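Notes to accompany the following structure.
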Amino acid sequence: MKVHLLLPEGRETRLGIPAMSRDVLRRDLDLRTMVQGIAGRDDVIYDTLMEMMFAPLLEPELLHWRHEMLRDVLTHPEETMRLYRICLEADHMREGRVNWLQNYDVSTTYQGAVNYLLNFSTLLRLLRSLAAEYTPLFKSAGFLALFSTLQEELSDEYLESVKRELEGQKLVDGVFFSARLNEALESVDYVMHRREKSIKDLNPFSGQLYRLGKEANDDKAGDDLTVRQERAINRVADALAQSAEYLASFFDRLRKELAFYVGGLRFTQKMAELGMPWCIPELTAAVSDSRCWEEMYDVSLAYRNKAAVVGNTLTAEHKNLYIVTGANQGGKTTFLRSFGQAQLMAQCGLPVGAKAYTAPYRRAVFTHFRQEEDRYLKSGKLDKELEWMDRIADHVQSGDLVLFNESFASTNEREGSEIGREITEALVESGVEVVSVSHLHLFAASFRGREGVQYLRAERLPGGERTFRLLPGEPEETAYGEDIYRRIFEGQ
Amino acid sequence: MFYSVLFPTEESALKPRNQSVPDCFSDLQLDRILKAVLPDYADFHLEEYFYTPLTDPETVRYRQEVMEELEEPEKRAAVEEIIRRIPETRAILEETRPKLLKGGLLTGEKLTDNYLEMGRFLDTLVSYLDAVNDLNGILQKLDLRSAGLRKLSEYLTGYCASEQLRDMTAWRQRIRENLKHIRFNMLVKPLSIRVTPYEGQADYAERITALFSRFRQEESRSFLRPVEEKPRSERIENQVLKMVSKLYPAEFKDLRDFVAAYIDITDDTVLDFIREVQFYFAWLDMMKTMKEIGFRFCYPELRGREEERFALDGYDLSLAVRTLKPVVPNDFSLTPPEQILVVTGPNQGGKSTFARAFGQIFYLASLGVSVPARQAALPLCDQVLTHFERGEDQKLKSGKLEEDVLRLKGLLDRSTKDSVFVVNEIYSSTTLKDALALGGHMIDAITDKAGSAVVVTFMEELSEYGPQTVSMVSGVSDDAEHTRTYQVRRRKADGVAFARLLAGKYGLTKEQLKGRLRR
């Protein structure tokens with residue numbers, strides 16, 4: 001009874017984005033703020049969204065499959081949440097189980113698991129009835145497959161047999177089991193048996209009887225019979241506890257997979273509330289080098305500010321290198337984040353923070369962002385930057401996306417530009433898409449006239465005021481540090 | 001005639017072995033290497049073999065051959081799989097035999113009521129005999145090259161062909177079949193046990209699992225408690241066995257007769273082999289792990305005292321086993337009259353590591369095991385004498401200098417022309433003038449009293465001391481790509497600065513990066 005809400009049965013997720021890149025992506029793209037905003041206090045939504053964003057889909061049919069499910073959820077929010085709440089209840093029921101599950105005493109585990117399993121069957125009954133009720137409402141293959149599995153597997157006969165098998169096996173009546181002898185003549189392989197009515201009271205004259213006499217006072221002998229019972233119960237208690245875990249894991253899985261769509265639902269609800277657009281994105285073949293985005297914005301910033309934020313619009317055809325220059329605090333990093341976020345969200349089947357969004361599939365995303373100064377106070381900053389680039393180079397492949405933010409600027413401009421140019425050229429010429437925010441003029445200008453380059457510049461109005469928008473435009477030699485200086489020191 | 005898998009002759013085996021850790025172990029970090037090698041083999045107490053360098057080339061070659069042969073996976077697996085089944089045969093048999101004899105099992109009609117002791121004996125004996133037979137069979141099938149394993153095989157063939165062993169095999173098979181068929185029920189209540197014949201009852205645990213398996217998403221962890229599978233009270237287990245013996249009287253009688261007939265059948269040569277061969281396994285385990293990561297090992301060729309000695313791509317095995325990451329290998333060679341490698345160069349350039357590798361290769365070669373290098377040829381050394389600066393102790397400078405000289409004197413007194421010297425950064429806390437004077441004396445003394453040596457020092461002058469010294473420099477990068485560091489190369493000490501293209505060091509020039517992306 002597997003849950004297949006994230007991928008159709010028989011399909012597996014590939015490895016996804018290399019582990020070394022994940023923490024860095026979380027930090028550089030500010031994914032935490034976004035996902036935290038969507039998940040609220042629900043850790044499962046948080047974990048699932050993070051996990052899914054790091055496992056980008058590469059197959060159009062799988063993305064389509066998820067989009068169908070997303071549409072079901074967006075059309076039936078109430079029903080989706082009811083299913084989700086059953087999973088929450090299952091989770092709640094589990095809270096007490098640690099007491100018997102972790103108990104050292106085997107018979108406590110045995111009894112605890114029996115009770116737990118009996119209680120769980122109520123929840124199963126409820127789940128089955130919802131499945132029947134929702135079957136006519138939902139349209140996606142994924143939800144319909146789940147509903148049909150639930151109705152098949154949780155029949156009345158089945159739920160009845162669960163009850164029958166678990167009841168009436170109290171340990172106080174003695175433990176009944178069989179054993180063999182190993183080559184050392186020790187009795188081993190204890191296998192516990194159900195005591196059916198017919199053998200409840202064994203014929204007192206059958207077999208051999210040994211009664212513990214005064215040797216019961218001997219520590220070992222007194223203990224022996226208890227240990228013998230525990231050995232026999234052990235496997236059954238294990239089977240019961242594992243069964244309890246299976247049930248719990250079934251609900252866990254159901255919750256986890258639902259959580260993805262619940263996350264998508266919450267995202268659209270919140271953005272609508274803030275007056276921000278969202279869309280179900282369109283992805284094109286990985287070989288494509290064209291992109292188009294309309295009002296694409298930094299979702300984390302929207303969650304952080306709890307307000308509408310500025311978006312960017314561009315149609316870029318046959319570009320594989322984006323060089324972003326211009327005024328400090330002109331929205332360059334925000335743009336870079338929105339670029340990475342949209343790619344990750346789009347490729348796992350989530351809605352995207354943009355009015356419209358079309359992009360090619362990307363196998364993996366890497367970020368190389370210059371970090372806060374204090375992180376590298378000690379040993380060569382450039383060394384650290386190169387070290388990280390070296391690690392990216394170990395994993396990056398043709399068809400990937402790499403985002404640079406003020407990289408290699410920790411040395412002088414000539415050196416930094418040269419290092420940056422060589423790395424960027426090598427990547428682009430090897431089929432990697434690159435977006436690079438840089439104030440290194442030599443670096444930025446070195447791509448002039450090259451095919452496939454899209455220059456973008458932070459917009460500045462004639463009075464020096466920023467719009468936080470990026471417009472197509474070649475790099476200008478002057479930076480805008482003056483502006484900031486003036487604004488901060490002279491209050492302009 | 002086979003005597004031992006570690007020694008070709010009785011004479012070599014009877015030489016005393018060191019029972020305590022040799023002095024060079026901590027400086028060369030051989031202790032760390034053993035830490036990676038021995039833990040899984042603690043029961044066999046193999047330390048003495050690692051503490052004792054061999055002095056005759058014959059024994060070294062004898063071991064090298066056996067180890068090289070056991071390095072072949074199928075040969076090792078064949079032998080190991082068999083003897084792993086009988087790790088503690090000797091100890092168990094020595095313990096149980098007298099108990100059984102005392103119980104009157106052999107002589108009187110009276111039955112011993114200690115079925116468990118009998119079972120333990122039977123179990124040990126049977127697995128021992130199985131193993132010996134299987135081992136013999138396997139060894140005969142393998143195409144053996146080494147003298148050690150070939151002679152063992154001949155010995156086993158004779159032993160297994162004995163009439164007693166052949167008769168036993170058939171009987172044992174019958175006993176085993178009998179035991180397999182015994183199955184009985186127990187009903188255990190707080191103060192009683194009832195034993196009845198088993199009547200095909202179903203496994204309750206399986207029924208439960210079948211009932212709930214449909215919910216399974218992935219493997220659940222196990223909730224099996226660590227319950228001792230051995231009987232808690234032997235007295236009660238014996239009572240149970242007594243009851244079972246009444247359900248199966250013929251089977252139990254057959255068992256007793258068998259034990260009585262074969263109580264003295266084990267053989268010391270075989271039992272010794274089982275322990276001694278672990279020496280090879282222990283080392284080979286480590287080697288296999290390291291080879292999988294890419295490290296290379298070789299069996300050094302043994303040379304005479306006056307011949308050239310060298311190692312290619314040697315490395316510090318202790319560093320390698322600790323980090324399990326690639327370390328930069330280095331070559332060294334000494335062609336008489338060259339005798340002493342003098343290593344200078346920047347800090348963190350791999351000097352100490354180089355010196356340790358040098359000492360390790362000589363020491364390990366003298367154990368008859370493989371050494372951390374791609375290729376090596378060396379004279380056998382009788383000991384490795386080490387003098388490393390003790391990083392921590394900040395004694396008075398004069399006190400420390402005196403101590404350094406004293407320690408060196410002690411080492412030189414023990415040294416022979418077959419000894420290897422490893423000296424690391426001594427005299428570093430004194431004035432250059434003092435250090436140079438003392439350093440010169442040291443070189444003279446080593447030249448005079450010892451065999452090969454490596455001296456790591458900040459004193460570049462020592463590297464051109466005389467025909468016996470060879471200058472080596474650390475932190476060298478030969479290749480144009482500047483991708484490697486920590487190399488130690490034979491070259492004149494010229495204080496060249498450590499300078500290179502930074503990007504090149506990380507493999508990030510345009511050409512390098514494009515090359516890396518072409519996969």
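Every chain in the structure tokens has a letter given in the order shown (A, B, ...), and although residue numbers restart at 1 in each chain, ligands are simply numbered from 1 in the order shown.
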Residues of range 204-425 of chain A in alpha helix (DSSP H) according to DSSP, as a compact mmCIF listing (two decimals) with C-alpha atoms, in the first residue's frame?
```txt
# COMPACT_ATOMS: atom_id res chain seq x y z
CA ASP A 219 19.47 -16.03 40.93
CA LYS A 220 20.15 -17.52 37.55
CA ALA A 221 17.58 -20.27 37.77
CA GLY A 222 14.88 -17.91 39.00
CA ASP A 223 15.61 -15.59 36.12
CA ASP A 224 15.86 -18.33 33.55
CA LEU A 225 12.17 -18.88 32.93
CA THR A 226 11.52 -15.16 32.48
CA VAL A 227 14.37 -14.87 30.04
CA ARG A 228 13.10 -17.92 28.20
CA GLN A 229 9.70 -16.26 27.83
CA GLU A 230 11.28 -13.04 26.65
CA ARG A 231 13.26 -14.89 24.04
CA ALA A 232 10.05 -16.38 22.72
CA ILE A 233 8.07 -13.12 22.81
CA ASN A 234 10.89 -11.07 21.33
CA ARG A 235 10.20 -11.74 17.67
CA VAL A 236 6.46 -11.31 18.07
CA ALA A 237 6.91 -8.05 19.94
CA ASP A 238 9.23 -6.99 17.16
CA ALA A 239 6.69 -7.93 14.50
CA LEU A 240 3.99 -6.01 16.36
CA ALA A 241 6.15 -2.97 16.90
CA GLN A 242 7.30 -3.01 13.30
CA SER A 243 3.70 -3.28 12.20
CA ALA A 244 2.93 -0.25 14.31
CA GLU A 245 5.83 1.47 12.61
CA TYR A 246 4.55 0.44 9.21
CA LEU A 247 1.20 1.98 9.96
CA ALA A 248 2.82 5.10 11.30
CA SER A 249 5.12 5.25 8.32
CA PHE A 250 2.19 4.88 5.97
CA PHE A 251 0.54 7.92 7.51
CA ASP A 252 3.88 9.69 7.60
CA ARG A 253 4.35 9.09 3.94
CA LEU A 254 0.83 10.15 3.10
CA ARG A 255 1.29 13.31 5.12
CA LYS A 256 4.64 14.06 3.64
CA GLU A 257 3.47 13.68 0.07
CA LEU A 258 0.28 15.64 0.69
CA ALA A 259 2.39 18.30 2.40
CA PHE A 260 3.98 19.17 -0.92
CA TYR A 261 0.63 20.12 -2.46
CA VAL A 262 -0.58 21.73 0.75
CA GLY A 263 2.58 23.85 0.51
CA GLY A 264 1.77 24.82 -3.07
CA LEU A 265 -1.76 25.68 -2.00
CA ARG A 266 -0.62 27.85 0.87
CA PHE A 267 1.85 29.66 -1.36
CA THR A 268 -0.83 30.68 -3.85
CA GLN A 269 -3.18 31.74 -1.06
CA LYS A 270 -0.55 33.91 0.61
CA MET A 271 0.62 35.55 -2.61
CA ALA A 272 -2.95 36.34 -3.59
CA GLU A 273 -3.37 37.94 -0.19
CA LEU A 274 -0.26 40.10 -0.77
CA VAL A 299 9.42 35.14 -3.04
CA SER A 300 11.48 35.15 0.14
CA LEU A 301 11.51 38.93 0.14
CA ALA A 302 7.73 38.96 -0.20
CA TYR A 303 7.43 36.63 2.82
CA ARG A 304 10.02 38.63 4.71
CA ASN A 305 8.37 42.01 4.04
CA LYS A 332 20.77 42.74 -8.34
CA THR A 333 20.99 40.13 -5.60
CA THR A 334 17.21 40.09 -5.28
CA PHE A 335 16.98 39.41 -9.00
CA LEU A 336 19.56 36.65 -8.76
CA ARG A 337 17.60 35.02 -5.93
CA SER A 338 14.32 35.23 -7.81
CA PHE A 339 16.06 33.65 -10.81
CA GLY A 340 17.28 30.67 -8.78
CA GLN A 341 14.09 30.31 -6.73
CA ALA A 342 11.88 30.27 -9.81
CA GLN A 343 14.02 27.60 -11.44
CA LEU A 344 13.87 25.34 -8.39
CA MET A 345 10.17 25.89 -7.73
CA ALA A 346 9.21 25.41 -11.34
CA GLN A 347 11.13 22.23 -11.74
CA CYS A 348 9.57 20.41 -8.82
CA LYS A 381 39.39 35.00 1.03
CA LEU A 382 40.28 34.36 -2.57
CA ASP A 383 41.53 30.95 -1.53
CA LYS A 384 38.13 30.18 -0.03
CA GLU A 385 36.33 31.41 -3.11
CA LEU A 386 38.47 29.23 -5.35
CA GLU A 387 38.06 26.30 -3.03
CA TRP A 388 34.30 26.53 -3.36
CA MET A 389 34.53 26.98 -7.12
CA ASP A 390 36.75 23.91 -7.22
CA ARG A 391 34.06 21.92 -5.46
CA ILE A 392 31.41 23.18 -7.84
CA ALA A 393 33.66 22.17 -10.74
CA ASP A 394 33.74 18.65 -9.29
CA HIS A 395 29.99 18.37 -9.77
CA GLU A 413 40.13 43.99 -10.07
CA ARG A 414 42.57 42.83 -12.74
CA GLU A 415 43.26 39.49 -11.07
CA GLY A 416 39.68 38.90 -10.02
CA SER A 417 38.39 39.74 -13.48
CA GLU A 418 40.84 37.40 -15.15
CA ILE A 419 40.01 34.49 -12.87
CA GLY A 420 36.30 35.21 -13.23
CA ARG A 421 36.49 35.50 -17.01
CA GLU A 422 38.34 32.22 -17.46
CA ILE A 423 35.94 30.35 -15.21
CA THR A 424 32.86 31.90 -16.81
CA GLU A 425 34.08 31.21 -20.34
```
Subject >> Contact set, chain B to chain A: 6 Å, only C-alpha atoms, as a ChimeraX atom specification >> reply: /B:119-120,123,182-189,191-196,203-205,209,212,214-216,220,223-224,232-233,243,506,510,514
**OP:** Write out as a count of residues only each polymer residue whose atoms come within 7 Å of range 318-332 of chain B, counting only C-alpha atoms; drop sequence neighbours fewer than 2 positions from it.
**Re:** 15
Subject >> strand (DSSP E) residues, from DSSP on the backbone, in range 309-458 of chain A, as number ranges by chain >> reply: A: 312-316, 321-325, 356-360, 365-369, 401-405, 433-437, 453-458
**OP:** Excluding Ala354 in chain A and residues on its chain fewer than 3 positions from it, collect all residues at most 8 Å away from it, counting only C-alpha atoms, and give them as a ChimeraX atom specification.
**Re:** /A:277-279,293-297,311,357
Original post:
A:Pro8, A:Gly331, A:Gly452, A:Gly349: which is nearest Val437 in chain A, counting only C-alpha atoms?
Top reply: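 Selected residue with least distance to Val437 in chain A: A:Gly331.
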Subject >> Å distance separating CA of Leu247 in chain B from CA of Pro197 in chain B, one decimal place >> reply: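 Atom-to-atom, CA of Leu247 in chain B to CA of Pro197 in chain B, that is 7.5 Å.
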**OP:** Identify, on the basis of only C-alpha atoms, every residue whose closest approach to Leu130 in chain A does not exceed 10 Å; exclude the query and any residue fewer than 4 positions from it along the same chain; express the result as a PyMOL selection string.
**Re:** chain A and resi 79+82-83+125-126+134-135+147+150-151
Give me a file of those residues, with C-alpha atoms, as a short mmCIF file (atom, residue, chain, number, x, y, z; two decimals), in the first residue's frame.
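So the final result, stored in selection.cif, reads:
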```cif
data_model
loop_
_atom_site.label_atom_id
_atom_site.label_comp_id
_atom_site.auth_asym_id
_atom_site.auth_seq_id
_atom_site.Cartn_x
_atom_site.Cartn_y
_atom_site.Cartn_z
CA GLU A 79 -11.06 18.29 0.70
CA ARG A 82 -9.41 17.13 5.41
CA LEU A 83 -7.17 14.39 4.14
CA ARG A 125 -11.88 3.24 8.42
CA LEU A 126 -12.30 7.03 8.22
CA TYR A 134 -13.73 12.17 -3.10
CA THR A 135 -13.32 9.80 -6.01
CA PHE A 147 -8.31 6.58 -3.48
CA LEU A 150 -7.38 2.78 -0.04
CA GLN A 151 -10.75 1.28 -0.90
#
```
Original post:
Any idea what's packed within 12 Å of Val455 in chain B, counting only C-alpha atoms, ignoring anything in its chain fewer than 2 positions away? Could you give it as a PyMOL selection string?
Top reply: chain B and resi 339-344+351-352+354-356+358-359+385-389+420-427+439-440+442-443+446-447+452-453+457-460+462-463+469-473
Would you output that residue set with C-alpha atoms, as a CSV table (one decimal), in the first residue's frame?
```csv
chain,number,residue,atom,x,y,z
B,339,GLN,CA,73.6,7.4,3.0
B,340,ILE,CA,71.7,10.3,4.4
B,341,LEU,CA,68.7,12.2,3.0
B,342,VAL,CA,68.7,15.8,4.3
B,343,VAL,CA,65.3,17.3,3.8
B,344,THR,CA,64.7,21.1,3.9
B,351,LYS,CA,58.8,17.1,5.5
B,352,SER,CA,57.8,15.1,8.6
B,354,PHE,CA,58.3,12.2,4.2
B,355,ALA,CA,60.5,11.2,7.1
B,356,ARG,CA,57.9,9.0,8.6
B,358,PHE,CA,61.0,6.6,5.0
B,359,GLY,CA,61.1,5.0,8.4
B,385,LEU,CA,66.0,4.6,15.5
B,386,THR,CA,64.0,7.8,15.6
B,387,HIS,CA,64.7,11.2,17.1
B,388,PHE,CA,61.7,13.6,16.7
B,389,GLU,CA,61.4,17.0,18.3
B,420,VAL,CA,67.9,3.1,10.0
B,421,PHE,CA,67.9,6.6,11.4
B,422,VAL,CA,65.1,9.1,11.2
B,423,VAL,CA,65.8,12.5,12.7
B,424,ASN,CA,63.2,15.2,12.6
B,425,GLU,CA,63.9,18.9,13.5
B,426,ILE,CA,66.3,18.6,16.3
B,427,TYR,CA,68.3,21.5,17.5
B,439,GLY,CA,74.4,18.9,13.2
B,440,GLY,CA,77.8,18.3,11.6
B,442,MET,CA,75.5,14.2,14.1
B,443,ILE,CA,76.0,13.6,10.3
B,446,ILE,CA,75.4,8.6,11.6
B,447,THR,CA,77.7,8.1,8.7
B,452,SER,CA,70.4,4.6,5.9
B,453,ALA,CA,69.1,7.8,7.4
B,457,THR,CA,66.2,20.1,9.3
B,458,PHE,CA,66.1,23.8,8.8
B,459,MET,CA,69.8,23.8,8.3
B,460,GLU,CA,70.3,23.9,4.5
B,462,LEU,CA,73.7,20.1,6.1
B,463,SER,CA,72.4,19.1,2.7
B,469,THR,CA,74.4,13.5,2.1
B,470,VAL,CA,71.6,14.0,-0.5
B,471,SER,CA,69.6,17.2,-0.6
B,472,MET,CA,65.9,17.0,-0.8
B,473,VAL,CA,63.4,19.9,-0.8
```
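Nearest residue to Arg66 in chain A among A:Val287, A:Met34, A:Leu6, A:Leu15 is A:Leu6, counting only C-alpha atoms.
Within 9 Å of range 157-171 of chain B there are Leu129, Asp130, Val132, Asn133, Asn136, Gly137, Gln140, Leu152, Ser153, Ile175, Arg176, Phe258, Ala261, Tyr262, Ile265 and Asp267 of chain B, counting only C-alpha atoms and ignoring same-chain residues fewer than 4 positions away.
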Can I get the selection written as a PDB file, in the first residue's frame, with C-alpha atoms?
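File produced: again-v2.pdb:
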```pdb
ATOM      1  CA  LEU B 129      36.941 -30.980  11.758  1.00  0.00           C
ATOM      2  CA  ASP B 130      34.733 -29.544   9.066  1.00  0.00           C
ATOM      3  CA  VAL B 132      40.181 -28.791   8.518  1.00  0.00           C
ATOM      4  CA  ASN B 133      38.625 -30.981   5.860  1.00  0.00           C
ATOM      5  CA  ASN B 136      42.454 -29.276   2.882  1.00  0.00           C
ATOM      6  CA  GLY B 137      40.047 -29.615  -0.003  1.00  0.00           C
ATOM      7  CA  GLN B 140      44.395 -28.840  -2.965  1.00  0.00           C
ATOM      8  CA  LEU B 152      50.692 -26.462   4.781  1.00  0.00           C
ATOM      9  CA  SER B 153      48.648 -28.105   2.087  1.00  0.00           C
ATOM     10  CA  ILE B 175      24.599 -36.856  14.148  1.00  0.00           C
ATOM     11  CA  ARG B 176      23.994 -33.624  12.346  1.00  0.00           C
ATOM     12  CA  PHE B 258      30.444 -40.051  19.103  1.00  0.00           C
ATOM     13  CA  ALA B 261      35.186 -41.799  20.345  1.00  0.00           C
ATOM     14  CA  TYR B 262      36.786 -38.576  19.106  1.00  0.00           C
ATOM     15  CA  ILE B 265      41.383 -35.576  17.615  1.00  0.00           C
ATOM     16  CA  ASP B 267      46.107 -31.022  16.090  1.00  0.00           C
TER      17      ASP B 267
END
```
Original post:
Could you state the separation of CA of Phe281 in chain B and CA of Val384 in chain B in Å, given to one decimal place?
Top reply: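 It comes out at 24.7 Å.
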